[in-house]
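Working notes, structure below.
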Amino acid sequence: LAKTTQPISMDSYEGQEVNITCSHNNIATNDYITWYQQFPSQGPRFIIQGYKTKVTNEVASLFIPADRKSSTLSLPRVSLSDTAVYYCLVGGSGTYKYIFGTGTRLKVLA
Amino acid sequence: NAGVMQNPRHLVRRRGQEARLRCSPMKGHSHVYWYRQLPEEGLKFMVYLQKENIIDESGMPKERFSAEFPKEGPSILRIQQVVRGDSAAYFCASSPDIAGLYNEQFFGPGTRLTVL
C-alpha cells in the first residue's frame, strides 16, 4: 500500500480557496486516490476520488498530475464549517484496509 | 436510508470489565470494518468481516479483542478485561461490496470508550 504524506495543518480565511497536497511517490498503477473529511467526534466522510487528471464534484476538485506521485484537493471558498481533518488515501480495487495517516488539520478563520 | 449506526456513542468501563460495541451497517451492506482512533491520530484498521465470517483480523490485538458479524443482528466488537490503553474512539464502516474502487466505506459516528 502506498504511503502518503500531507501537511500536518493549514489555516485559511473564509471565502478563500484551499489547496491541500498529498505526496504518494510509491503509488501503484491500479491505485486510486481518495480523500476523506473528518469533523470532531464524527466518523470520516468521503469527499472525492480520482485516478488521473481532474475530478470535480459539488464539494471539491481533485487534481492529479500525469506522474500521479502527488494529488491536490481543492476546496473552493471555504467556510467555518469546513474546519476539519482531511485524509488522503491511496489504494486499488479491493483495498479495504484503509490507511489513515495523521491527515491535514484545516482551520478556517473568520 | 439510515447511515451506519453505532451504539453506545459513549461507554465508560472500569479496568477489568468488558466492553461491547455494536455496529449496524447501512441497509444492503454486507461488509463491515472496524477501526480504532487514538487522540490526535488517524484511524487504524482492526478487522474486516462479512456476514458470519472474519475476513481479515490482522489489525486486531490477539488477546482480549474479538469481533463478530452474525447472520442476524449487528456486528459486535468485544473487548475483555479492558485496560486504560483501550480508551479510544472505535469506528465502524460498511460497504455493499468489498471496499476499494468505487465502493467507498461509509463510516458511523463512532463509540468513545473511556476506561477508568
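In the C-alpha cells, the first chain shown is A, the next is B, and so on; residue numbers restart at 1 for each chain, and ligands run from 1 in the order shown.
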Give the residues of chain A that lie within 10 Å of chain B; count only C-alpha atoms, and format the answer as JSON, numbers by chain.
{"A": [30, 31, 32, 33, 34, 38, 41, 42, 43, 44, 45, 46, 49, 50, 51, 85, 87, 90, 91, 92, 93, 94, 95, 96, 97, 98, 99, 100, 101, 102, 103, 105]}
Please produce an output containing N, CA and C atoms for each residue in the selection, written as a tab-separated table (two decimals), in the first residue's frame.
```tsv
chain	number	residue	atom	x	y	z
A	30	ASN	N	-2.62	0.52	-10.43
A	30	ASN	CA	-4.05	0.32	-10.24
A	30	ASN	C	-4.63	1.11	-9.07
A	31	ASP	N	-3.82	1.91	-8.42
A	31	ASP	CA	-4.28	2.64	-7.24
A	31	ASP	C	-5.10	3.87	-7.61
A	32	TYR	N	-6.12	4.13	-6.82
A	32	TYR	CA	-6.89	5.36	-6.88
A	32	TYR	C	-6.56	6.23	-5.68
A	33	ILE	N	-6.87	7.49	-5.78
A	33	ILE	CA	-6.64	8.45	-4.70
A	33	ILE	C	-7.99	8.91	-4.18
A	34	THR	N	-8.16	8.79	-2.87
A	34	THR	CA	-9.43	9.11	-2.25
A	34	THR	C	-9.19	10.06	-1.08
A	38	GLN	N	-12.98	14.54	8.18
A	38	GLN	CA	-13.46	14.13	9.50
A	38	GLN	C	-13.63	15.34	10.41
A	41	SER	N	-15.39	14.37	16.69
A	41	SER	CA	-16.40	13.46	17.26
A	41	SER	C	-17.30	12.83	16.20
A	42	GLN	N	-16.84	12.77	14.97
A	42	GLN	CA	-17.60	12.11	13.91
A	42	GLN	C	-16.70	11.15	13.14
A	43	GLY	N	-17.33	10.25	12.39
A	43	GLY	CA	-16.57	9.37	11.53
A	43	GLY	C	-16.16	10.07	10.25
A	44	PRO	N	-15.15	9.57	9.56
A	44	PRO	CA	-14.72	10.17	8.30
A	44	PRO	C	-15.83	10.11	7.25
A	45	ARG	N	-15.81	11.09	6.37
A	45	ARG	CA	-16.81	11.16	5.31
A	45	ARG	C	-16.10	11.30	3.97
A	46	PHE	N	-16.51	10.50	3.00
A	46	PHE	CA	-15.94	10.53	1.66
A	46	PHE	C	-16.16	11.89	1.01
A	49	GLN	N	-12.86	11.13	-5.19
A	49	GLN	CA	-11.93	10.07	-5.58
A	49	GLN	C	-11.54	10.28	-7.04
A	50	GLY	N	-10.27	9.95	-7.36
A	50	GLY	CA	-9.85	10.10	-8.76
A	50	GLY	C	-8.68	9.20	-9.09
A	51	TYR	N	-8.42	9.07	-10.40
A	51	TYR	CA	-7.30	8.26	-10.86
A	51	TYR	C	-6.23	9.14	-11.54
A	85	VAL	N	-10.38	17.67	9.72
A	85	VAL	CA	-9.15	16.98	9.31
A	85	VAL	C	-9.41	16.30	7.98
A	87	TYR	N	-8.03	13.65	5.07
A	87	TYR	CA	-7.14	12.50	4.88
A	87	TYR	C	-7.05	12.13	3.40
A	90	VAL	N	-4.65	6.13	-0.54
A	90	VAL	CA	-4.30	5.58	-1.84
A	90	VAL	C	-4.49	4.07	-1.80
A	91	GLY	N	-5.16	3.52	-2.80
A	91	GLY	CA	-5.34	2.08	-2.85
A	91	GLY	C	-6.08	1.69	-4.11
A	92	GLY	N	-6.02	0.39	-4.41
A	92	GLY	CA	-6.66	-0.08	-5.62
A	92	GLY	C	-7.95	-0.81	-5.36
A	93	SER	N	-8.48	-1.40	-6.40
A	93	SER	CA	-9.70	-2.18	-6.28
A	93	SER	C	-9.50	-3.27	-5.24
A	94	GLY	N	-10.40	-3.37	-4.30
A	94	GLY	CA	-10.28	-4.38	-3.26
A	94	GLY	C	-9.43	-3.96	-2.08
A	95	THR	N	-8.95	-2.71	-2.08
A	95	THR	CA	-8.19	-2.23	-0.92
A	95	THR	C	-9.17	-1.87	0.17
A	96	TYR	N	-9.39	-2.76	1.09
A	96	TYR	CA	-10.35	-2.48	2.15
A	96	TYR	C	-9.67	-1.97	3.41
A	97	LYS	N	-8.36	-2.21	3.52
A	97	LYS	CA	-7.64	-1.82	4.73
A	97	LYS	C	-7.18	-0.38	4.57
A	98	TYR	N	-8.10	0.55	4.79
A	98	TYR	CA	-7.77	1.94	4.60
A	98	TYR	C	-6.68	2.37	5.57
A	99	ILE	N	-5.72	3.10	5.05
A	99	ILE	CA	-4.62	3.60	5.88
A	99	ILE	C	-4.79	5.10	6.03
A	100	PHE	N	-5.16	5.51	7.22
A	100	PHE	CA	-5.29	6.92	7.54
A	100	PHE	C	-4.02	7.38	8.23
A	101	GLY	N	-3.35	8.36	7.65
A	101	GLY	CA	-2.21	8.95	8.36
A	101	GLY	C	-2.74	9.92	9.39
A	102	THR	N	-1.98	10.92	9.71
A	102	THR	CA	-2.44	11.91	10.67
A	102	THR	C	-3.32	12.96	10.00
A	103	GLY	N	-3.33	12.98	8.66
A	103	GLY	CA	-4.19	13.91	7.96
A	103	GLY	C	-3.70	15.35	8.03
A	105	ARG	N	-4.93	19.02	9.30
A	105	ARG	CA	-5.92	19.71	10.14
A	105	ARG	C	-6.12	21.12	9.58
```
Contact residues around range 13-22 of chain B with only C-alpha atoms at 7 Å, ignoring same-chain residues under 2 positions, as a list in words
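Contacts, with the query itself left out: Gln6, Asn7, Pro8, Leu11, Ser24, Pro74, Ser75, Ile76, Leu77, Arg78, Ile79, Gln80, Gln81, Val82, Val83, Arg84, Thr114, Val115 and Leu116 of chain B.
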Would you mind exporting the chosen residues as a PDB file, in the first residue's frame, restricted to N, CA and C atoms?
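Saved result, out-v9.pdb, follows:
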```pdb
ATOM      1  N   GLN B   6     -24.010   3.184  15.283  1.00  0.00           N
ATOM      2  CA  GLN B   6     -23.163   2.607  16.313  1.00  0.00           C
ATOM      3  C   GLN B   6     -23.752   2.933  17.681  1.00  0.00           C
ATOM      4  N   ASN B   7     -23.698   1.980  18.562  1.00  0.00           N
ATOM      5  CA  ASN B   7     -24.097   2.247  19.942  1.00  0.00           C
ATOM      6  C   ASN B   7     -23.339   1.345  20.901  1.00  0.00           C
ATOM      7  N   PRO B   8     -23.098   1.864  22.113  1.00  0.00           N
ATOM      8  CA  PRO B   8     -23.450   3.222  22.506  1.00  0.00           C
ATOM      9  C   PRO B   8     -22.498   4.260  21.895  1.00  0.00           C
ATOM     10  N   LEU B  11     -19.076   5.087  26.143  1.00  0.00           N
ATOM     11  CA  LEU B  11     -19.072   3.926  27.025  1.00  0.00           C
ATOM     12  C   LEU B  11     -17.948   4.109  28.039  1.00  0.00           C
ATOM     13  N   SER B  24     -24.462  -1.372  13.330  1.00  0.00           N
ATOM     14  CA  SER B  24     -25.443  -1.800  12.336  1.00  0.00           C
ATOM     15  C   SER B  24     -25.082  -1.143  11.009  1.00  0.00           C
ATOM     16  N   PRO B  74     -26.507  -6.898  14.619  1.00  0.00           N
ATOM     17  CA  PRO B  74     -25.373  -6.022  14.340  1.00  0.00           C
ATOM     18  C   PRO B  74     -24.037  -6.740  14.464  1.00  0.00           C
ATOM     19  N   SER B  75     -23.013  -6.084  14.006  1.00  0.00           N
ATOM     20  CA  SER B  75     -21.650  -6.547  14.257  1.00  0.00           C
ATOM     21  C   SER B  75     -21.270  -6.112  15.665  1.00  0.00           C
ATOM     22  N   ILE B  76     -20.518  -6.953  16.347  1.00  0.00           N
ATOM     23  CA  ILE B  76     -20.111  -6.674  17.719  1.00  0.00           C
ATOM     24  C   ILE B  76     -18.585  -6.694  17.801  1.00  0.00           C
ATOM     25  N   LEU B  77     -18.030  -5.655  18.398  1.00  0.00           N
ATOM     26  CA  LEU B  77     -16.602  -5.652  18.772  1.00  0.00           C
ATOM     27  C   LEU B  77     -16.557  -5.789  20.279  1.00  0.00           C
ATOM     28  N   ARG B  78     -15.879  -6.817  20.749  1.00  0.00           N
ATOM     29  CA  ARG B  78     -15.864  -7.121  22.173  1.00  0.00           C
ATOM     30  C   ARG B  78     -14.451  -6.989  22.706  1.00  0.00           C
ATOM     31  N   ILE B  79     -14.326  -6.267  23.787  1.00  0.00           N
ATOM     32  CA  ILE B  79     -13.031  -6.109  24.440  1.00  0.00           C
ATOM     33  C   ILE B  79     -13.161  -6.625  25.867  1.00  0.00           C
ATOM     34  N   GLN B  80     -12.442  -7.666  26.165  1.00  0.00           N
ATOM     35  CA  GLN B  80     -12.491  -8.242  27.506  1.00  0.00           C
ATOM     36  C   GLN B  80     -11.395  -7.636  28.381  1.00  0.00           C
ATOM     37  N   GLN B  81     -11.689  -7.569  29.681  1.00  0.00           N
ATOM     38  CA  GLN B  81     -10.698  -7.109  30.666  1.00  0.00           C
ATOM     39  C   GLN B  81     -10.012  -5.824  30.190  1.00  0.00           C
ATOM     40  N   VAL B  82     -10.797  -4.806  29.987  1.00  0.00           N
ATOM     41  CA  VAL B  82     -10.271  -3.564  29.409  1.00  0.00           C
ATOM     42  C   VAL B  82      -9.181  -2.963  30.295  1.00  0.00           C
ATOM     43  N   VAL B  83      -8.247  -2.284  29.613  1.00  0.00           N
ATOM     44  CA  VAL B  83      -7.169  -1.557  30.289  1.00  0.00           C
ATOM     45  C   VAL B  83      -7.243  -0.107  29.821  1.00  0.00           C
ATOM     46  N   ARG B  84      -6.523   0.781  30.522  1.00  0.00           N
ATOM     47  CA  ARG B  84      -6.600   2.199  30.210  1.00  0.00           C
ATOM     48  C   ARG B  84      -6.178   2.471  28.764  1.00  0.00           C
ATOM     49  N   THR B 114     -14.065   5.009  27.290  1.00  0.00           N
ATOM     50  CA  THR B 114     -13.194   5.549  28.334  1.00  0.00           C
ATOM     51  C   THR B 114     -13.032   4.488  29.409  1.00  0.00           C
ATOM     52  N   VAL B 115     -11.800   4.143  29.705  1.00  0.00           N
ATOM     53  CA  VAL B 115     -11.520   3.148  30.743  1.00  0.00           C
ATOM     54  C   VAL B 115     -10.945   3.866  31.953  1.00  0.00           C
ATOM     55  N   LEU B 116     -11.643   3.718  33.073  1.00  0.00           N
ATOM     56  CA  LEU B 116     -11.208   4.408  34.297  1.00  0.00           C
ATOM     57  C   LEU B 116     -10.209   3.573  35.096  1.00  0.00           C
TER      58      LEU B 116
END
```
As a check of understanding: the span from CA of Met5 in chain B to CA of Pro25 in chain B is 6.5 Å
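Residues in contact range of Ser71 in chain A, defined as at most 7 Å between only C-alpha atoms, with sequence neighbours fewer than 5 positions away removed, read Thr21, Cys22, Ser23, Leu62, Phe63, Ile64 and Pro65 of chain A.
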Among the residues A:Val18, A:Cys88, A:Met10, A:Ile47, the one that comes closest to Lys107 in chain A [using only C-alpha atoms]:
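Selected residue with least distance to Lys107 in chain A: A:Met10.
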I need the residues in chain A that are strand (DSSP E) according to DSSP; give them as a ChimeraX atom specification.
/A:9-13,18-23,32-38,45-50,53-56,61-64,70-75,84-91,104-109
Please report the interatomic distance between CA of Val12 in chain B and CA of Leu113 in chain B in Å with one decimal.
5.9 Å
Nearby residues (only C-alpha atoms) at most 8 Å from Leu109 in chain A, same-chain spacing under 4 positions excluded, as a VMD selection string
chain A and resid 11 to 14 80
Atoms kept (C-alpha atoms) for selection, written as a tab-separated table (two decimals), in the first residue's frame:
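For reference, selection09.tsv as written:
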```tsv
chain	number	residue	atom	x	y	z
A	11	ASP	CA	-5.02	27.86	8.29
A	12	SER	CA	-7.26	29.76	5.91
A	13	TYR	CA	-9.85	32.51	5.96
A	14	GLU	CA	-13.48	32.27	4.99
A	80	LEU	CA	-16.02	28.00	9.03
```
Could you work out how far CA of Ala2 in chain B lies from CA of Tyr36 in chain A, giving the answer in Å with one decimal?
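Going from CA of Tyr36 in chain A over to CA of Ala2 in chain B covers 19.8 Å.
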Find, counting only C-alpha atoms, the residue in A:Thr53, A:Thr104, A:Gln37, A:Ser70 that gets nearest to Lys3 in chain A.
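With only C-alpha atoms as the atom set, the closest residue is A:Ser70.
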